[in-house]
$ cat coords39.pdb   # PDB, C-alpha atoms
MODEL        1
ATOM      1  CA  MET X 468       0.000   0.000   0.000
ATOM      2  CA  THR X 469       1.372   3.407  -0.909
ATOM      3  CA  LYS X 470      -0.132   6.637   0.326
ATOM      4  CA  PRO X 471       0.480   9.973  -1.417
ATOM      5  CA  ASN X 472       2.194  12.928   0.255
ATOM      6  CA  LEU X 473       4.125  10.953   2.853
ATOM      7  CA  GLY X 474       6.933  12.798   4.607
ATOM      8  CA  ILE X 475      10.221  11.090   3.787
ATOM      9  CA  ALA X 476      13.614  10.915   5.500
ATOM     10  CA  SER X 477      16.285   8.832   3.789
ATOM     11  CA  GLN X 478      19.995   8.128   3.661
ATOM     12  CA  THR X 479      22.171   6.146   1.272
ATOM     13  CA  ILE X 480      24.783   3.883   2.828
ATOM     14  CA  LYS X 481      27.838   3.367   0.632
ATOM     15  CA  GLY X 482      29.942   0.249   1.039
ATOM     16  CA  THR X 483      27.298  -2.379   1.714
ATOM     17  CA  VAL X 484      28.258  -5.809   0.376
ATOM     18  CA  PRO X 485      25.776  -7.558  -1.945
ATOM     19  CA  GLY X 486      24.525 -10.778  -0.341
ATOM     20  CA  GLN X 487      25.721  -9.747   3.136
ATOM     21  CA  ASN X 488      23.223  -9.569   6.031
ATOM     22  CA  TYR X 489      22.854  -6.443   8.156
ATOM     23  CA  LEU X 490      20.906  -5.617  11.316
ATOM     24  CA  PHE X 491      18.735  -2.538  10.650
ATOM     25  CA  THR X 492      17.531  -1.058  13.953
ATOM     26  CA  PHE X 493      15.644   2.103  14.933
ATOM     27  CA  SER X 494      13.315   3.492  17.573
ATOM     28  CA  PHE X 495       9.795   4.469  16.524
ATOM     29  CA  SER X 496       7.154   6.281  18.512
ATOM     30  CA  SER X 497       3.619   7.288  17.561
ATOM     31  CA  ASP X 498       0.935   9.302  19.300
ATOM     32  CA  GLY X 499      -1.669   6.826  18.014
ATOM     33  CA  ALA X 500      -3.753   9.324  16.047
ATOM     34  CA  PRO X 501      -6.418   7.648  13.883
ATOM     35  CA  GLY X 502      -5.353   7.541  10.243
ATOM     36  CA  SER X 503      -1.602   7.771  10.883
ATOM     37  CA  PHE X 504       0.695   5.814   8.561
ATOM     38  CA  PHE X 505       4.381   4.805   8.786
ATOM     39  CA  GLN X 506       6.810   2.748   6.698
ATOM     40  CA  ALA X 507      10.460   1.813   7.183
ATOM     41  CA  ARG X 508      12.282   0.614   4.059
ATOM     42  CA  TRP X 509      15.559  -1.114   3.293
ATOM     43  CA  ASP X 510      16.229  -0.125  -0.310
ATOM     44  CA  ASN X 511      12.748  -0.395  -1.786
ATOM     45  CA  GLN X 512      11.643  -3.244   0.495
ATOM     46  CA  VAL X 513       9.143  -2.378   3.232
ATOM     47  CA  VAL X 514      10.430  -3.934   6.480
ATOM     48  CA  MET X 515       7.815  -2.329   8.744
ATOM     49  CA  GLN X 516       4.433  -0.773   8.088
ATOM     50  CA  ALA X 517       2.065   0.657  10.666
ATOM     51  CA  ASP X 518      -1.330   1.993   9.661
ATOM     52  CA  GLY X 519      -3.305   3.616  12.475
ATOM     53  CA  MET X 520      -0.862   2.211  15.034
ATOM     54  CA  SER X 521      -1.877   2.573  18.655
ATOM     55  CA  TYR X 522      -0.069   4.912  21.040
ATOM     56  CA  ARG X 523       3.565   3.837  21.510
ATOM     57  CA  PRO X 524       5.032   5.539  24.601
ATOM     58  CA  GLY X 525       8.361   3.686  24.474
ATOM     59  CA  TRP X 526      10.390   6.884  24.395
ATOM     60  CA  ALA X 527       8.606   8.259  27.430
ATOM     61  CA  ASN X 528       9.211   5.091  29.441
ATOM     62  CA  PHE X 529      12.695   4.258  28.101
ATOM     63  CA  ASP X 530      11.672   0.621  28.358
ATOM     64  CA  GLY X 531      12.868  -0.556  24.930
ATOM     65  CA  SER X 532       9.346  -1.009  23.561
ATOM     66  CA  ALA X 533      10.028   1.604  20.895
ATOM     67  CA  GLU X 534      12.962  -0.323  19.349
ATOM     68  CA  TYR X 535      12.530  -2.361  16.174
ATOM     69  CA  SER X 536      15.197  -4.575  14.529
ATOM     70  CA  PHE X 537      15.225  -6.310  11.163
ATOM     71  CA  MET X 538      17.709  -8.673   9.545
ATOM     72  CA  VAL X 539      18.113  -7.480   5.957
ATOM     73  CA  THR X 540      20.326  -8.379   2.996
ATOM     74  CA  ALA X 541      22.188  -5.911   0.792
ATOM     75  CA  THR X 542      21.624  -6.220  -2.946
ATOM     76  CA  SER X 543      24.220  -3.659  -4.070
ATOM     77  CA  SER X 544      27.169  -1.611  -2.832
ATOM     78  CA  LYS X 545      24.827   1.323  -2.089
ATOM     79  CA  THR X 546      21.755   0.798   0.079
ATOM     80  CA  THR X 547      19.122   3.417   0.826
ATOM     81  CA  ILE X 548      17.204   3.318   4.091
ATOM     82  CA  SER X 549      14.085   5.451   4.320
ATOM     83  CA  PHE X 550      11.249   6.307   6.650
ATOM     84  CA  ARG X 551       7.916   7.526   5.334
ATOM     85  CA  GLY X 552       4.966   8.704   7.325
ATOM     86  CA  GLU X 553       2.061  10.996   7.819
ATOM     87  CA  GLY X 554       0.133  12.070  10.870
ATOM     88  CA  GLY X 555      -3.401  11.094  11.585
ATOM     89  CA  GLU X 556      -6.646  12.718  10.585
ATOM     90  CA  SER X 557      -5.693  15.749  12.679
ATOM     91  CA  ASN X 558      -2.354  16.253  10.867
ATOM     92  CA  SER X 559      -1.642  19.557  12.586
ATOM     93  CA  THR X 560      -1.523  18.000  16.054
ATOM     94  CA  SER X 561      -0.451  14.427  15.301
ATOM     95  CA  CYS X 562       3.146  13.270  15.592
ATOM     96  CA  MET X 563       5.427  10.269  15.203
ATOM     97  CA  GLY X 564       9.176   9.993  15.318
ATOM     98  CA  ILE X 565      12.228   7.885  14.599
ATOM     99  CA  ASP X 566      15.576   7.909  16.399
ATOM    100  CA  ASP X 567      18.630   5.772  17.160
ATOM    101  CA  VAL X 568      18.912   4.445  13.589
ATOM    102  CA  SER X 569      21.723   1.962  13.049
ATOM    103  CA  VAL X 570      22.886  -0.466  10.379
ATOM    104  CA  ILE X 571      25.503  -2.983  11.451
ATOM    105  CA  LEU X 572      27.077  -5.976   9.762
ATOM    106  CA  ALA X 573      25.456  -9.187  11.011
ATOM    107  CA  GLN X 574      27.829 -11.711  12.574
TER     108      GLN X 574
ENDMDL
END

$ encode --input "coords39.pdb" --output "structure tokens"
Amino acid sequence: MTKPNLGIASQTIKGTVPGQNYLFTFSFSSDGAPGSFFQARWDNQVVMQADGMSYRPGWANFDGSAEYSFMVTATSSKTTISFRGEGGESNSTSCMGIDDVSVILAQ
């Protein structure tokens, strides 16, 4: 599912090794507004999608519940990670966030 007008943050990682596995980790928090939408992508592959996700207070509690990890495989020497999202039906007051993004070589 693709929604128009999603806010996008992305970064290209140079030096990934095709066929090599990586651990893609980030923290995600949402205020749970109805109609909110979020995607995390490794290259063009959606690794996480949340549509109308409930309130996620992990950042407020610092309990680790906001952290998500995915084992992914590089397909080229340049890999783009991206986060796409939009607030809920009340866009002006809705919020979600990402932090602590990391990509490390899997052992």

$ residues_near_point --input "coords39.pdb" --point "(15.8, 2.9, -0.4)" --cutoff "9 Å" --atoms "all atoms listed in the file" --output "compact mmCIF listing (two decimals) with C-alpha atoms, keeping the file's coordinate frame"
# COMPACT_ATOMS: atom_id res chain seq x y z
CA SER X 477 16.28 8.83 3.79
CA GLN X 478 20.00 8.13 3.66
CA THR X 479 22.17 6.15 1.27
CA ARG X 508 12.28 0.61 4.06
CA TRP X 509 15.56 -1.11 3.29
CA ASP X 510 16.23 -0.12 -0.31
CA ASN X 511 12.75 -0.40 -1.79
CA GLN X 512 11.64 -3.24 0.50
CA THR X 546 21.76 0.80 0.08
CA THR X 547 19.12 3.42 0.83
CA ILE X 548 17.20 3.32 4.09
CA SER X 549 14.08 5.45 4.32

$ resolve_selection --input "coords39.pdb" --expression "the PyMOL selection byres ((chain X and resi 540) around 9)" --output "short mmCIF file (atom, residue, chain, number, x, y, z; two decimals) with C-alpha atoms, in the frame of the given file"
data_model
loop_
_atom_site.label_atom_id
_atom_site.label_comp_id
_atom_site.auth_asym_id
_atom_site.auth_seq_id
_atom_site.Cartn_x
_atom_site.Cartn_y
_atom_site.Cartn_z
CA VAL X 484 28.26 -5.81 0.38
CA PRO X 485 25.78 -7.56 -1.94
CA GLY X 486 24.52 -10.78 -0.34
CA GLN X 487 25.72 -9.75 3.14
CA ASN X 488 23.22 -9.57 6.03
CA TYR X 489 22.85 -6.44 8.16
CA LEU X 490 20.91 -5.62 11.32
CA TRP X 509 15.56 -1.11 3.29
CA MET X 538 17.71 -8.67 9.54
CA VAL X 539 18.11 -7.48 5.96
CA ALA X 541 22.19 -5.91 0.79
CA THR X 542 21.62 -6.22 -2.95
#

$ closest_residue --input "coords39.pdb" --among "X:Ile571, X:Gly519, X:Phe537, X:Gly499" --to "Ile480 (chain X)" --atoms "all atoms listed in the file"
X:Ile571

$ closest_residue --input "coords39.pdb" --among "X:Glu534, X:Gly552, X:Val570, X:Gly564" --to "Phe505 (chain X)" --atoms "all atoms listed in the file"
X:Gly552

$ atom_distance --input "coords39.pdb" --atom1 "CA of Phe491 (chain X)" --atom2 "CA of Met520 (chain X)"
20.6 Å

$ closest_residue --input "coords39.pdb" --among "X:Gly502, X:Lys481, X:Ser494, X:Ala476" --to "Ser544 (chain X)" --atoms "all atoms listed in the file"
X:Lys481

$ atom_distance --input "coords39.pdb" --atom1 "CA of Ile565 (chain X)" --atom2 "CA of Pro501 (chain X)"
18.7 Å

$ resolve_selection --input "coords39.pdb" --expression "the PyMOL selection byres ((chain X and resi 568) around 6)" --output "list in words"
Thr492, Phe493, Asp566, Asp567 and Ser569 of chain X

$ atom_distance --input "coords39.pdb" --atom1 "CA of Tyr535 (chain X)" --atom2 "CA of Asp498 (chain X)"
16.7 Å

$ closest_residue --input "coords39.pdb" --among "X:Phe550, X:Ala533, X:Met563, X:Ile475" --to "Ser503 (chain X)" --atoms "only C-alpha atoms"
X:Met563

$ closest_residue --input "coords39.pdb" --among "X:Ala507, X:Thr483, X:Ser496, X:Met515" --to "Ser543 (chain X)" --atoms "all atoms listed in the file"
X:Thr483
